[in-house]
$ cat coords.txt   # compact mmCIF, C-alpha atoms
# COMPACT_ATOMS: atom_id res chain seq x y z
CA MET C 158 -104.89 -83.15 -119.69
CA LYS C 159 -103.38 -83.97 -123.08
CA LYS C 160 -106.33 -82.30 -124.80
CA LEU C 161 -105.98 -79.17 -122.66
CA HIS C 162 -102.27 -79.11 -123.42
CA ASP C 163 -102.86 -79.33 -127.16
CA LEU C 164 -105.54 -76.63 -127.01
CA LEU C 165 -103.31 -74.27 -125.03
CA MET C 166 -100.38 -74.80 -127.37
CA LYS C 167 -102.43 -73.51 -130.31
CA GLU C 168 -101.95 -69.94 -131.49
CA ASN C 169 -105.71 -69.41 -131.76
CA SER C 170 -106.46 -70.26 -128.12
CA PHE C 171 -104.81 -66.98 -127.07
CA PRO C 172 -108.11 -65.00 -126.81
CA LEU C 173 -109.27 -67.60 -124.27
CA LEU C 174 -106.41 -66.61 -121.96
CA THR C 175 -107.01 -62.87 -122.36
CA ALA C 176 -110.71 -63.49 -121.65
CA LEU C 177 -109.88 -65.29 -118.37
CA LEU C 178 -107.52 -62.56 -117.23
CA GLY C 179 -109.83 -59.82 -118.52
CA ALA C 180 -112.71 -61.14 -116.42
CA ALA C 181 -110.48 -61.25 -113.33
CA VAL C 182 -108.91 -57.80 -113.61
CA PHE C 183 -112.20 -56.13 -114.56
CA ALA C 184 -114.10 -57.76 -111.68
CA GLY C 185 -111.16 -56.90 -109.39
CA GLY C 186 -111.45 -53.24 -110.40
CA CYS C 187 -115.18 -53.31 -109.72
CA MET C 188 -114.52 -54.91 -106.33
CA PHE C 189 -112.23 -51.96 -105.54
CA LEU C 190 -115.06 -49.54 -106.35
CA ASN C 191 -117.61 -51.45 -104.28
CA ASP C 192 -115.56 -52.79 -101.36
CA GLY C 193 -112.44 -50.59 -101.36
CA PHE C 194 -109.81 -53.23 -102.22
CA GLY C 195 -108.87 -55.78 -104.86
CA LEU C 196 -107.62 -53.70 -107.81
CA PHE C 197 -104.91 -55.57 -109.77
CA ASN C 198 -102.69 -52.51 -109.86
CA ASP C 199 -100.12 -50.38 -108.05
CA ALA C 200 -100.71 -47.40 -105.80
CA SER C 201 -100.60 -44.79 -108.57
CA GLN C 202 -103.37 -46.40 -110.66
CA THR C 203 -105.33 -47.06 -107.48
CA ALA C 204 -104.99 -43.35 -106.72
CA MET C 205 -106.53 -42.46 -110.08
CA LEU C 206 -109.59 -44.63 -109.41
CA LEU C 207 -109.78 -43.20 -105.89
CA VAL C 208 -110.08 -39.69 -107.34
CA GLY C 209 -112.87 -40.94 -109.59
CA LYS C 210 -114.62 -42.55 -106.65
CA THR C 211 -114.45 -39.47 -104.44
CA GLU C 212 -114.79 -36.69 -107.02
CA GLY C 213 -116.67 -38.47 -109.84
CA GLU C 214 -113.94 -37.44 -112.29
CA TRP C 215 -112.78 -40.37 -114.45
CA THR C 216 -110.91 -38.56 -117.25
CA THR C 217 -107.40 -39.30 -116.01
CA PRO C 218 -107.68 -43.09 -115.52
CA VAL C 219 -109.47 -43.44 -118.86
CA GLY C 220 -106.89 -41.40 -120.78
CA TYR C 221 -103.88 -42.85 -119.01
CA ALA C 222 -105.00 -46.46 -119.34
CA ALA C 223 -106.14 -46.10 -122.96
CA GLY C 224 -102.64 -44.96 -123.88
CA PHE C 225 -101.07 -48.02 -122.26
CA LEU C 226 -103.67 -50.37 -123.75
CA ILE C 227 -103.10 -49.09 -127.30
CA ALA C 228 -99.34 -49.19 -126.95
CA ARG C 229 -99.25 -52.73 -125.56
CA VAL C 230 -101.77 -54.13 -128.04
CA LEU C 231 -99.65 -52.75 -130.91
CA GLU C 232 -96.47 -54.11 -129.38
CA GLY C 233 -97.85 -57.52 -128.34
CA PRO C 234 -98.26 -59.15 -131.78
CA LEU C 235 -94.90 -57.81 -132.90
CA VAL C 236 -92.81 -59.31 -130.09
CA GLY C 237 -95.01 -62.35 -129.31
CA ILE C 238 -95.50 -61.48 -125.63
CA LEU C 239 -98.38 -59.24 -124.64
CA ASP C 240 -97.41 -57.17 -121.59
CA ILE C 241 -100.27 -57.81 -119.18
CA GLY C 242 -99.28 -54.90 -116.93
CA GLY C 243 -100.16 -52.16 -119.40
CA SER C 244 -102.76 -53.99 -121.46
CA MET C 245 -104.82 -55.95 -118.95
CA GLN C 246 -104.09 -54.75 -115.42
CA THR C 247 -103.94 -51.04 -116.27
CA GLY C 248 -105.86 -50.98 -119.57
CA VAL C 249 -108.78 -53.20 -118.60
CA GLY C 250 -108.68 -53.34 -114.79
CA THR C 251 -108.29 -49.59 -114.32
CA GLY C 252 -109.16 -47.98 -117.67
CA MET C 253 -112.20 -49.95 -118.78
CA VAL C 254 -113.67 -49.88 -115.27
CA ALA C 255 -113.21 -46.09 -115.20
CA LEU C 256 -114.71 -45.82 -118.69
CA CYS C 257 -117.84 -47.72 -117.58
CA GLN C 258 -118.13 -45.47 -114.53
CA SER C 259 -117.73 -42.28 -116.58
CA LEU C 260 -120.47 -43.46 -118.97
CA GLY C 261 -122.73 -44.16 -115.99
CA LEU C 262 -122.82 -47.91 -116.67
CA THR C 263 -123.04 -48.79 -112.99
CA TRP C 264 -125.20 -51.83 -113.78
CA ILE C 265 -122.00 -53.35 -115.14
CA THR C 266 -119.57 -52.29 -112.42
CA GLY C 267 -122.05 -52.71 -109.56
CA ASN C 268 -122.90 -56.36 -110.25
CA PHE C 269 -120.28 -59.06 -109.72
CA PHE C 270 -121.55 -61.48 -112.38
CA VAL C 271 -122.14 -58.82 -115.01
CA SER C 272 -118.66 -57.42 -114.36
CA LEU C 273 -117.12 -60.88 -114.86
CA ILE C 274 -118.89 -61.31 -118.19
CA ALA C 275 -118.06 -57.78 -119.34
CA GLY C 276 -114.40 -58.27 -118.44
CA ALA C 277 -114.27 -61.61 -120.26
CA LEU C 278 -115.77 -60.04 -123.40
CA ILE C 279 -113.30 -57.13 -123.31
CA GLY C 280 -110.43 -59.59 -122.86
CA LEU C 281 -111.73 -61.77 -125.68
CA VAL C 282 -111.86 -58.78 -128.06
CA ILE C 283 -108.29 -57.78 -127.15
CA GLY C 284 -107.07 -61.34 -127.77
CA VAL C 285 -108.87 -61.58 -131.11
CA VAL C 286 -107.47 -58.21 -132.23
CA ILE C 287 -103.93 -59.33 -131.39
CA ILE C 288 -104.24 -62.62 -133.26
CA ALA C 289 -105.84 -60.80 -136.20
CA VAL C 290 -102.98 -58.26 -136.31
CA ARG C 291 -100.46 -61.13 -136.23
CA LYS C 292 -102.15 -62.90 -139.12
CA ALA C 293 -102.89 -59.83 -141.23
CA MET C 294 -99.67 -57.90 -140.69
CA PRO C 295 -96.74 -60.17 -139.83
CA GLU C 296 -94.39 -57.18 -139.78
CA GLY C 297 -96.58 -55.60 -137.11
CA MET C 298 -98.17 -52.23 -136.66
CA SER C 299 -96.39 -49.47 -134.87
CA ALA C 300 -97.13 -46.08 -133.48
CA SER C 301 -94.26 -43.82 -132.52
CA GLY C 302 -94.05 -42.14 -129.17
CA THR C 303 -95.48 -45.00 -127.12
CA ASP C 304 -92.08 -45.47 -125.45
CA ILE C 305 -92.06 -41.81 -124.31
CA MET C 306 -95.61 -42.07 -123.06
CA MET C 307 -94.98 -45.25 -121.09
CA GLY C 308 -91.70 -43.94 -119.67
CA VAL C 309 -93.49 -40.89 -118.31
CA GLY C 310 -96.40 -42.98 -117.07
CA ASN C 311 -94.12 -45.29 -115.14
CA ALA C 312 -92.18 -42.35 -113.67
CA ALA C 313 -95.42 -40.77 -112.42
CA GLY C 314 -95.88 -43.51 -109.83
CA ARG C 315 -92.73 -42.45 -108.00
CA TYR C 316 -94.20 -39.05 -107.17
CA LEU C 317 -96.96 -40.58 -105.10
CA GLY C 318 -94.54 -41.50 -102.28
CA PRO C 319 -93.45 -37.96 -101.36
CA LEU C 320 -96.99 -36.68 -102.03
CA THR C 321 -98.33 -39.18 -99.50
CA ILE C 322 -95.85 -38.03 -96.82
CA LEU C 323 -96.87 -34.39 -97.42
CA SER C 324 -100.52 -35.36 -97.21
CA ALA C 325 -100.03 -37.40 -94.02
CA ILE C 326 -98.27 -34.45 -92.37
CA SER C 327 -101.19 -32.14 -93.10
CA TYR C 328 -103.67 -34.82 -91.94
CA SER C 329 -102.26 -34.90 -88.39
CA ILE C 330 -98.93 -34.72 -86.56
CA PRO C 331 -98.90 -38.40 -85.45
CA CYS C 332 -99.77 -39.58 -88.98
CA GLY C 333 -97.03 -37.38 -90.40
CA VAL C 334 -94.44 -38.78 -88.01
CA GLY C 335 -95.60 -42.31 -88.81
CA ALA C 336 -95.34 -41.67 -92.53
CA ILE C 337 -91.77 -40.38 -92.15
CA ILE C 338 -90.71 -43.41 -90.09
CA GLY C 339 -92.44 -45.86 -92.45
CA SER C 340 -90.81 -44.30 -95.51
CA VAL C 341 -87.36 -44.48 -93.94
CA ILE C 342 -87.81 -48.17 -93.16
CA MET C 343 -89.03 -48.96 -96.69
CA HIS C 344 -86.23 -47.00 -98.29
CA LYS C 345 -83.72 -48.84 -96.14
CA LEU C 346 -85.23 -52.13 -97.38
CA ASP C 347 -85.00 -50.96 -101.04
CA LYS C 348 -88.79 -50.85 -101.42
CA PRO C 349 -90.89 -47.94 -102.76
CA ILE C 350 -91.55 -45.51 -99.90
CA ILE C 351 -95.28 -45.14 -100.64
CA GLY C 352 -96.18 -48.37 -98.82
CA GLY C 353 -94.24 -47.34 -95.74
CA ALA C 354 -95.75 -43.85 -95.80
CA ILE C 355 -99.35 -45.11 -95.75
CA LEU C 356 -98.78 -47.98 -93.31
CA GLY C 357 -96.72 -45.79 -90.98
CA ALA C 358 -99.44 -43.14 -90.94
CA MET C 359 -102.08 -45.80 -90.24
CA ILE C 360 -100.17 -47.54 -87.47
CA ILE C 361 -99.04 -44.46 -85.53
CA GLY C 362 -102.33 -42.66 -86.28
CA ALA C 363 -104.30 -45.54 -84.73
CA PHE C 364 -103.00 -44.68 -81.25
CA PHE C 365 -104.25 -41.09 -81.25
CA MET E 147 -116.99 -61.45 -95.31
CA LEU E 148 -118.28 -64.64 -96.94
CA THR E 149 -119.32 -62.83 -100.15
CA ILE E 150 -115.89 -61.20 -100.32
CA LEU E 151 -114.22 -64.60 -99.92
CA LEU E 152 -116.39 -66.19 -102.63
CA LYS E 153 -115.93 -63.29 -105.05
CA SER E 154 -112.17 -63.26 -104.41
CA LEU E 155 -111.82 -67.00 -104.96
CA VAL E 156 -113.49 -66.69 -108.38
CA ILE E 157 -111.47 -63.62 -109.41
CA GLY E 158 -108.20 -65.08 -108.17
CA ALA E 159 -108.80 -68.43 -109.88
CA LEU E 160 -109.58 -66.78 -113.22
CA ALA E 161 -106.52 -64.53 -113.00
CA GLY E 162 -104.31 -67.44 -111.96
CA ALA E 163 -105.50 -69.64 -114.83
CA GLY E 164 -104.95 -66.98 -117.49
CA VAL E 165 -101.65 -65.63 -116.18
CA SER E 166 -100.02 -69.03 -115.58
CA ALA E 167 -100.96 -70.47 -118.98
CA GLY E 168 -99.85 -67.20 -120.60
CA ALA E 169 -96.53 -67.40 -118.72
CA ALA E 170 -95.92 -70.99 -119.86
CA ARG E 171 -96.60 -69.91 -123.45
CA MET E 172 -93.86 -67.27 -123.11
CA PHE E 173 -91.34 -70.09 -123.43
CA HIS E 174 -92.85 -70.91 -126.84
CA ALA E 175 -93.03 -67.27 -128.07
CA PRO E 176 -92.85 -65.80 -130.63
CA GLU E 177 -94.05 -68.93 -132.48
CA ILE E 178 -97.30 -68.73 -130.53
CA GLN E 179 -98.63 -65.54 -128.98
CA ALA E 180 -98.02 -65.40 -125.21
CA MET E 181 -98.79 -62.95 -122.45
CA GLY E 182 -96.88 -61.86 -119.38
CA ALA E 183 -93.89 -59.56 -119.55
CA PHE E 184 -90.28 -59.76 -120.65
CA ARG E 185 -89.14 -59.16 -117.10
CA THR E 186 -91.37 -62.03 -115.89
CA LEU E 187 -89.73 -64.31 -118.45
CA GLY E 188 -86.30 -63.18 -117.31
CA GLU E 189 -87.13 -63.68 -113.65
CA LEU E 190 -88.59 -67.15 -114.24
CA ASN E 191 -85.42 -68.08 -116.09
CA ALA E 192 -83.24 -66.58 -113.36
CA CYS E 193 -84.73 -68.98 -110.79
CA LYS E 194 -83.34 -71.83 -112.93
CA GLY E 195 -86.13 -74.26 -112.14
CA ASP E 196 -85.27 -74.34 -108.44
CA PRO E 197 -88.53 -74.50 -106.44
CA VAL E 198 -87.04 -72.72 -103.41
CA ALA E 199 -85.84 -69.83 -105.56
CA HIS E 200 -89.30 -69.47 -107.16
CA PHE E 201 -91.03 -69.52 -103.77
CA SER E 202 -88.77 -67.03 -102.06
CA PHE E 203 -88.80 -64.68 -105.06
CA GLY E 204 -92.60 -64.64 -104.97
CA LEU E 205 -92.70 -64.33 -101.19
CA GLY E 206 -90.81 -61.03 -101.14
CA PHE E 207 -93.41 -59.55 -103.45
CA TYR E 208 -96.28 -61.12 -101.51
CA PHE E 209 -95.34 -59.05 -98.45
CA SER E 210 -95.25 -55.78 -100.39
CA SER E 211 -98.58 -56.69 -102.04
CA ALA E 212 -100.09 -57.30 -98.61
CA ALA E 213 -98.84 -53.89 -97.44
CA SER E 214 -100.25 -52.25 -100.54
CA VAL E 215 -103.72 -53.77 -100.34
CA VAL E 216 -104.00 -52.80 -96.67
CA GLY E 217 -102.83 -49.25 -97.35
CA CYS E 218 -104.52 -48.30 -100.60
CA GLY E 219 -106.62 -51.24 -101.82
CA GLY E 220 -104.53 -52.14 -104.87
CA VAL E 221 -102.94 -55.62 -104.74
CA THR E 222 -100.10 -54.37 -107.04
CA GLN E 223 -99.24 -55.62 -110.52
CA ASP E 224 -96.74 -58.03 -108.94
CA VAL E 225 -99.54 -60.49 -108.09
CA ALA E 226 -99.99 -61.37 -111.77
CA HIS E 227 -96.45 -60.52 -112.93
CA ARG E 228 -94.47 -62.31 -110.25
CA ILE E 229 -96.25 -64.05 -107.37
CA ILE E 230 -98.69 -66.29 -109.29
CA PRO E 231 -96.33 -67.46 -112.08
CA ASN E 232 -93.43 -68.08 -109.71
CA TRP E 233 -95.44 -69.92 -107.06
CA ALA E 234 -97.24 -72.02 -109.69
CA ALA E 235 -93.86 -72.90 -111.20
CA GLY E 236 -92.39 -73.65 -107.76
CA LEU E 237 -95.25 -76.03 -106.86
CA LEU E 238 -94.94 -77.91 -110.16
CA LEU E 239 -91.16 -78.16 -109.84
CA LEU E 240 -91.46 -79.78 -106.40
CA LYS E 241 -92.74 -82.93 -108.10
CA ASN E 242 -90.77 -82.81 -111.32
CA LYS E 243 -87.54 -80.86 -111.79
CA LYS E 244 -87.68 -80.89 -115.59
CA VAL E 245 -88.85 -77.42 -116.63
CA GLU E 246 -89.80 -78.71 -120.11
CA GLU E 247 -92.49 -80.90 -118.52
CA THR E 248 -93.65 -78.40 -115.90
CA LEU E 249 -92.98 -74.68 -116.27
CA TYR E 250 -93.16 -74.83 -120.09
CA ASP E 251 -96.44 -76.79 -120.07
CA PRO E 252 -99.40 -74.35 -120.28
CA ALA E 253 -101.98 -76.97 -119.22
CA LYS E 254 -100.19 -77.92 -115.99
CA MET E 255 -99.35 -74.30 -115.24
CA MET E 256 -103.01 -73.35 -115.79
CA LEU E 257 -104.33 -75.95 -113.35
CA VAL E 258 -101.85 -75.17 -110.58
CA GLY E 259 -102.09 -71.43 -111.31
CA THR E 260 -105.85 -71.52 -110.78
CA VAL E 261 -105.37 -72.75 -107.20
CA VAL E 262 -102.43 -70.44 -106.50
CA GLY E 263 -104.34 -67.42 -107.88
CA ALA E 264 -107.43 -68.16 -105.80
CA VAL E 265 -105.42 -68.56 -102.58
CA VAL E 266 -103.12 -65.55 -103.13
CA TYR E 267 -105.84 -63.11 -104.18
CA SER E 268 -108.41 -64.07 -101.56
CA SER E 269 -105.82 -64.02 -98.76
CA LEU E 270 -104.93 -60.45 -99.79
CA THR E 271 -108.54 -59.21 -99.98
CA LEU E 272 -109.49 -60.90 -96.69
CA LEU E 273 -106.50 -59.21 -95.05
CA ALA E 274 -107.65 -55.83 -96.40
CA SER E 275 -111.25 -56.42 -95.27
CA ALA E 276 -110.03 -57.22 -91.74
CA VAL E 277 -108.48 -53.76 -91.33
CA PRO E 278 -110.37 -51.84 -88.59
CA GLU E 279 -112.59 -48.93 -89.65
CA LYS E 280 -110.45 -46.31 -87.88
CA LEU E 281 -107.33 -47.37 -89.79
CA SER E 282 -109.00 -47.37 -93.18
CA THR E 283 -110.40 -43.89 -92.47
CA ILE E 284 -106.86 -42.66 -91.84
CA ALA E 285 -105.60 -44.38 -95.01
CA ALA E 286 -108.32 -42.77 -97.12
CA GLY E 287 -107.78 -39.38 -95.45
CA VAL E 288 -104.06 -39.48 -96.22
CA LEU E 289 -104.26 -40.99 -99.67
CA THR E 290 -107.12 -38.98 -101.19
CA PRO E 291 -105.42 -35.55 -101.15
CA ALA E 292 -102.18 -37.15 -102.37
CA ALA E 293 -104.08 -38.85 -105.19
CA ASN E 294 -105.79 -35.60 -106.14
CA ASN E 295 -102.46 -33.78 -106.38
CA MET E 296 -101.00 -36.60 -108.39
CA VAL E 297 -103.86 -36.71 -110.89
CA ASN E 298 -104.49 -32.98 -111.21
CA LEU E 299 -100.93 -31.61 -111.07
CA VAL E 300 -98.10 -34.14 -111.20
CA MET E 301 -99.32 -36.30 -114.06
CA PRO E 302 -100.27 -33.45 -116.44
CA ILE E 303 -96.91 -31.76 -115.73
CA LEU E 304 -94.89 -34.96 -116.27
CA PHE E 305 -96.65 -35.83 -119.51
CA TRP E 306 -96.34 -32.20 -120.67
CA LEU E 307 -92.60 -32.10 -120.00
CA GLY E 308 -92.28 -35.50 -121.70
CA ALA E 309 -93.97 -34.09 -124.81
CA LEU E 310 -91.84 -30.91 -124.81
CA ASP E 311 -88.62 -32.90 -124.36
CA ALA E 312 -89.50 -35.17 -127.29
CA GLY E 313 -89.00 -32.42 -129.86
CA LYS E 314 -90.69 -29.38 -131.43
CA ILE E 315 -93.47 -31.16 -133.32
CA THR E 316 -94.35 -33.50 -130.44
CA GLY E 317 -94.23 -30.59 -127.99
CA ILE E 318 -96.63 -28.54 -130.12
CA TRP E 319 -99.09 -31.42 -130.62
CA GLY E 320 -98.94 -32.26 -126.94
CA THR E 321 -99.50 -28.66 -125.89
CA VAL E 322 -102.43 -28.13 -128.25
CA LEU E 323 -104.22 -31.41 -127.51
CA GLY E 324 -103.35 -31.34 -123.81
CA GLY E 325 -104.66 -27.79 -123.52
CA LEU E 326 -107.82 -28.71 -125.41
CA THR E 327 -108.63 -31.74 -123.26
CA GLN E 328 -107.98 -29.66 -120.13
CA LEU E 329 -110.50 -27.11 -121.45
CA ILE E 330 -113.06 -29.65 -122.61
CA MET E 331 -112.67 -32.61 -120.26
CA GLY E 332 -111.04 -31.03 -117.22
CA ASN E 333 -107.77 -32.98 -117.45
CA ALA E 334 -104.84 -32.65 -119.82
CA VAL E 335 -103.50 -36.23 -119.55
CA PRO E 336 -105.61 -37.82 -122.35
CA GLY E 337 -104.69 -35.03 -124.78
CA LEU E 338 -101.02 -35.19 -123.87
CA VAL E 339 -100.92 -38.96 -124.40
CA LEU E 340 -102.56 -38.56 -127.81
CA GLY E 341 -100.36 -35.56 -128.62
CA ILE E 342 -97.18 -37.52 -127.90
CA ILE E 343 -98.29 -40.44 -130.08
CA CYS E 344 -99.52 -38.19 -132.94
CA GLY E 345 -96.60 -35.78 -132.81
CA LYS E 346 -93.95 -38.46 -132.65
CA SER E 347 -95.58 -40.44 -135.49
CA ILE E 348 -95.58 -37.31 -137.67
CA GLU E 349 -91.98 -36.56 -136.75
CA ASP E 350 -90.87 -40.12 -137.63
CA ASN E 351 -93.01 -40.99 -140.65
CA GLY E 352 -94.80 -37.82 -141.78
CA PHE E 353 -98.54 -37.52 -142.35
CA THR E 354 -99.29 -41.21 -142.96
CA LYS E 355 -102.79 -42.60 -143.37
CA MET E 356 -102.73 -43.85 -139.78
CA VAL E 357 -101.94 -40.37 -138.44
CA LYS E 358 -104.77 -38.84 -140.46
CA ILE E 359 -107.26 -41.41 -139.15
CA MET E 360 -106.01 -40.80 -135.62
CA ILE E 361 -106.44 -37.02 -135.93
CA ALA E 362 -109.95 -37.45 -137.37
CA VAL E 363 -110.93 -39.70 -134.47
CA ILE E 364 -109.51 -37.22 -131.94
CA VAL E 365 -111.42 -34.30 -133.49
CA VAL E 366 -114.70 -36.24 -133.45
CA LEU E 367 -114.09 -37.34 -129.84
CA LEU E 368 -113.40 -33.77 -128.70
CA LEU E 369 -116.52 -32.46 -130.47
CA VAL E 370 -118.76 -35.17 -128.99
CA ILE E 371 -117.34 -35.00 -125.47
CA GLY E 372 -117.47 -31.19 -125.52
CA GLN E 373 -121.13 -31.36 -126.51
CA ALA E 374 -121.93 -33.92 -123.82
CA ARG E 375 -120.27 -31.81 -121.13
CA GLY E 376 -121.83 -28.56 -122.35
CA PHE E 377 -118.43 -27.08 -123.15
CA TRP E 378 -119.27 -25.55 -126.54
CA ALA E 379 -122.23 -23.58 -125.19
CA LYS E 380 -120.10 -22.30 -122.31
CA ALA E 381 -117.25 -21.38 -124.66
CA LEU E 382 -119.60 -19.47 -126.97
CA ALA E 383 -121.12 -17.63 -124.01
CA ALA E 384 -117.65 -16.70 -122.73
CA LEU E 385 -116.48 -15.50 -126.15
CA ALA E 386 -119.72 -13.55 -126.73
CA GLY E 387 -118.57 -11.14 -124.04
CA PHE E 388 -115.82 -9.86 -126.38
CA GLY E 389 -115.52 -6.08 -126.41
CA LEU E 390 -112.98 -3.31 -126.21
$ encode --input "coords.txt" --output "structure tokens"
Amino acid sequence: MKKLHDLLMKENSFPLLTALLGAAVFAGGCMFLNDGFGLFNDASQTAMLLVGKTEGEWTTPVGYAAGFLIARVLEGPLVGILDIGGSMQTGVGTGMVALCQSLGLTWITGNFFVSLIAGALIGLVIGVVIIAVRKAMPEGMSASGTDIMMGVGNAAGRYLGPLTILSAISYSIPCGVGAIIGSVIMHKLDKPIIGGAILGAMIIGAFF
Amino acid sequence: MLTILLKSLVIGALAGAGVSAGAARMFHAPEIQAMGAFRTLGELNACKGDPVAHFSFGLGFYFSSAASVVGCGGVTQDVAHRIIPNWAAGLLLLKNKKVEETLYDPAKMMLVGTVVGAVVYSSLTLLASAVPEKLSTIAAGVLTPAANNMVNLVMPILFWLGALDAGKITGIWGTVLGGLTQLIMGNAVPGLVLGIICGKSIEDNGFTKMVKIMIAVIVVLLLVIGQARGFWAKALAALAGFGL
């Protein structure tokens, strides 16, 4: 226990942590592709992978996630806290999984053990890069515009709620009514309406 | 069902170990590099080392994560940002109220986080796998068109307006690169993201070495991807039809 504590309090053990999380989020993304659930991300990123799964078009998740990954990896060494939302959960869990799919590397995403190893390696590289940037450039590297990009990216998720209600209404009348009721309840509870829209459509739709 | 449980236990344990140790290191940042999020740090501090506060904070997000994984298959970012670190902290604090010896200790947080992660993640995936076929068909039928609209219309428009609002230079770079990636790759988002970063960097610092390298990489990428997708041949064929 003391040894583990000392190891984990060292600056250089950071890539170990990113490797652990990288393996998990990458394998979670692959589980979403294979089983339909398990992605370490919110509805909007899930929607991007869903489009890839149904249409075979992976450009959006790759581009969107790459932007977040770059921005967070540049910011991480500077502030001392790597934001795992943009870098790991979106960047690796959504983006790298989509990248593998778009390159046709289904032997990676289709196999649980290979996906764990691939995710760990990607995480390890990210961790090493961050420690290297910290050592080489103490004042940090910066790219302008990442704040604009991330602001827009985060705002995009909000649009999925109303879009889901519209889509539920054109799917069937009961589903549409369910989506409206679910959204109202979620909004009343100060939660994003998207969850209520989907669950409402599912619950009411189940009876018809 | 059993394979899903086993896979989920492994994934959840790995995530829990990494996230919890990373969260404990946040209390020692920036001296050592940590991972998590500033809001996670703030929320952990806000619970003031009270186990009940940590549990109930995580519980609220657990319910919305459960709703999300049933509806769309994503467990939400809150699992790693909020539920795992707060529940791991809450469990440790039950035995010892001193945060310096519990929440701030990456080794203890890692061990407890491994268990918490495995339980949280596999309970969510098992819940999603128990959803009847008819319900998941409805969810996919509702969500897929919404996702298509989001990816093909809403996101390009939002990023485009973001680029235009950020100034003349950024707007021009965004429009050119966004238009090019729409032509070549079928979606404008990657180009708009790159255009915003390039344009804003030029606006702030001029044509630095980093910007030049970035532009060179983008040009090579567009050429290679265009070739792979047969865009250049199609473009030449379309332009060959020029006539008055």
$ interface_residues --input "coords.txt" --of "chain E" --to "chain C" --cutoff "7 Å" --atoms "all atoms listed in the file" --output "MDAnalysis selection string"
chainID E and resid 157:158 160:161 164:165 168 172 175:176 178:183 213:215 217:223 252:253 271 274 280:281 284:285 288:294 296:297 301 304:305 308 331 333 335:336 339 342:343 346:347
$ residues_around --input "coords.txt" --residues "range 203-212 of chain E" --least-positions-apart "5" --cutoff "7 Å" --atoms "only C-alpha atoms" --output "list in words"
Val221, Thr222, Asp224, Arg228, Ile229, Asn232, Trp233 and Leu270 of chain E
$ atom_distance --input "coords.txt" --atom1 "CA of Glu349 in chain E" --atom2 "CA of Leu307 in chain E"
17.3 Å
$ atom_distance --input "coords.txt" --atom1 "CA of Ala170 in chain E" --atom2 "CA of Met255 in chain E"
6.6 Å
$ atom_distance --input "coords.txt" --atom1 "CA of Gly324 in chain E" --atom2 "CA of Cys257 in chain C"
22.7 Å
$ residues_near_point --input "coords.txt" --point "(-106.9, -29.5, -123.5)" --cutoff "10 Å" --atoms "only C-alpha atoms" --output "PyMOL selection string"
chain E and resi 320-338+368
$ write_last_selection --input "coords.txt" --atoms "C-alpha atoms" --output "PDB file, keeping the file's coordinate frame"
ATOM      1  CA  GLY E 320     -98.940 -32.260-126.940  1.00  0.00           C
ATOM      2  CA  THR E 321     -99.500 -28.660-125.890  1.00  0.00           C
ATOM      3  CA  VAL E 322    -102.430 -28.130-128.250  1.00  0.00           C
ATOM      4  CA  LEU E 323    -104.220 -31.410-127.510  1.00  0.00           C
ATOM      5  CA  GLY E 324    -103.350 -31.340-123.810  1.00  0.00           C
ATOM      6  CA  GLY E 325    -104.660 -27.790-123.520  1.00  0.00           C
ATOM      7  CA  LEU E 326    -107.820 -28.710-125.410  1.00  0.00           C
ATOM      8  CA  THR E 327    -108.630 -31.740-123.260  1.00  0.00           C
ATOM      9  CA  GLN E 328    -107.980 -29.660-120.130  1.00  0.00           C
ATOM     10  CA  LEU E 329    -110.500 -27.110-121.450  1.00  0.00           C
ATOM     11  CA  ILE E 330    -113.060 -29.650-122.610  1.00  0.00           C
ATOM     12  CA  MET E 331    -112.670 -32.610-120.260  1.00  0.00           C
ATOM     13  CA  GLY E 332    -111.040 -31.030-117.220  1.00  0.00           C
ATOM     14  CA  ASN E 333    -107.770 -32.980-117.450  1.00  0.00           C
ATOM     15  CA  ALA E 334    -104.840 -32.650-119.820  1.00  0.00           C
ATOM     16  CA  VAL E 335    -103.500 -36.230-119.550  1.00  0.00           C
ATOM     17  CA  PRO E 336    -105.610 -37.820-122.350  1.00  0.00           C
ATOM     18  CA  GLY E 337    -104.690 -35.030-124.780  1.00  0.00           C
ATOM     19  CA  LEU E 338    -101.020 -35.190-123.870  1.00  0.00           C
ATOM     20  CA  LEU E 368    -113.400 -33.770-128.700  1.00  0.00           C
TER      21      LEU E 368
END
$ residues_around --input "coords.txt" --residues "range 235-241 of chain E" --least-positions-apart "6" --cutoff "9 Å" --atoms "all atoms listed in the file" --output "list in words"
Ser166, Leu190, Gly195, Asp196, Pro197, Val198, Ala199, His200, Phe201, Thr248, Leu249, Lys254, Met255, Val258 and Gly259 of chain E
$ write_last_selection --input "coords.txt" --atoms "C-alpha atoms" --output "short mmCIF file (atom, residue, chain, number, x, y, z; two decimals), in the frame of the given file"
data_model
loop_
_atom_site.label_atom_id
_atom_site.label_comp_id
_atom_site.auth_asym_id
_atom_site.auth_seq_id
_atom_site.Cartn_x
_atom_site.Cartn_y
_atom_site.Cartn_z
CA SER E 166 -100.02 -69.03 -115.58
CA LEU E 190 -88.59 -67.15 -114.24
CA GLY E 195 -86.13 -74.26 -112.14
CA ASP E 196 -85.27 -74.34 -108.44
CA PRO E 197 -88.53 -74.50 -106.44
CA VAL E 198 -87.04 -72.72 -103.41
CA ALA E 199 -85.84 -69.83 -105.56
CA HIS E 200 -89.30 -69.47 -107.16
CA PHE E 201 -91.03 -69.52 -103.77
CA THR E 248 -93.65 -78.40 -115.90
CA LEU E 249 -92.98 -74.68 -116.27
CA LYS E 254 -100.19 -77.92 -115.99
CA MET E 255 -99.35 -74.30 -115.24
CA VAL E 258 -101.85 -75.17 -110.58
CA GLY E 259 -102.09 -71.43 -111.31
#
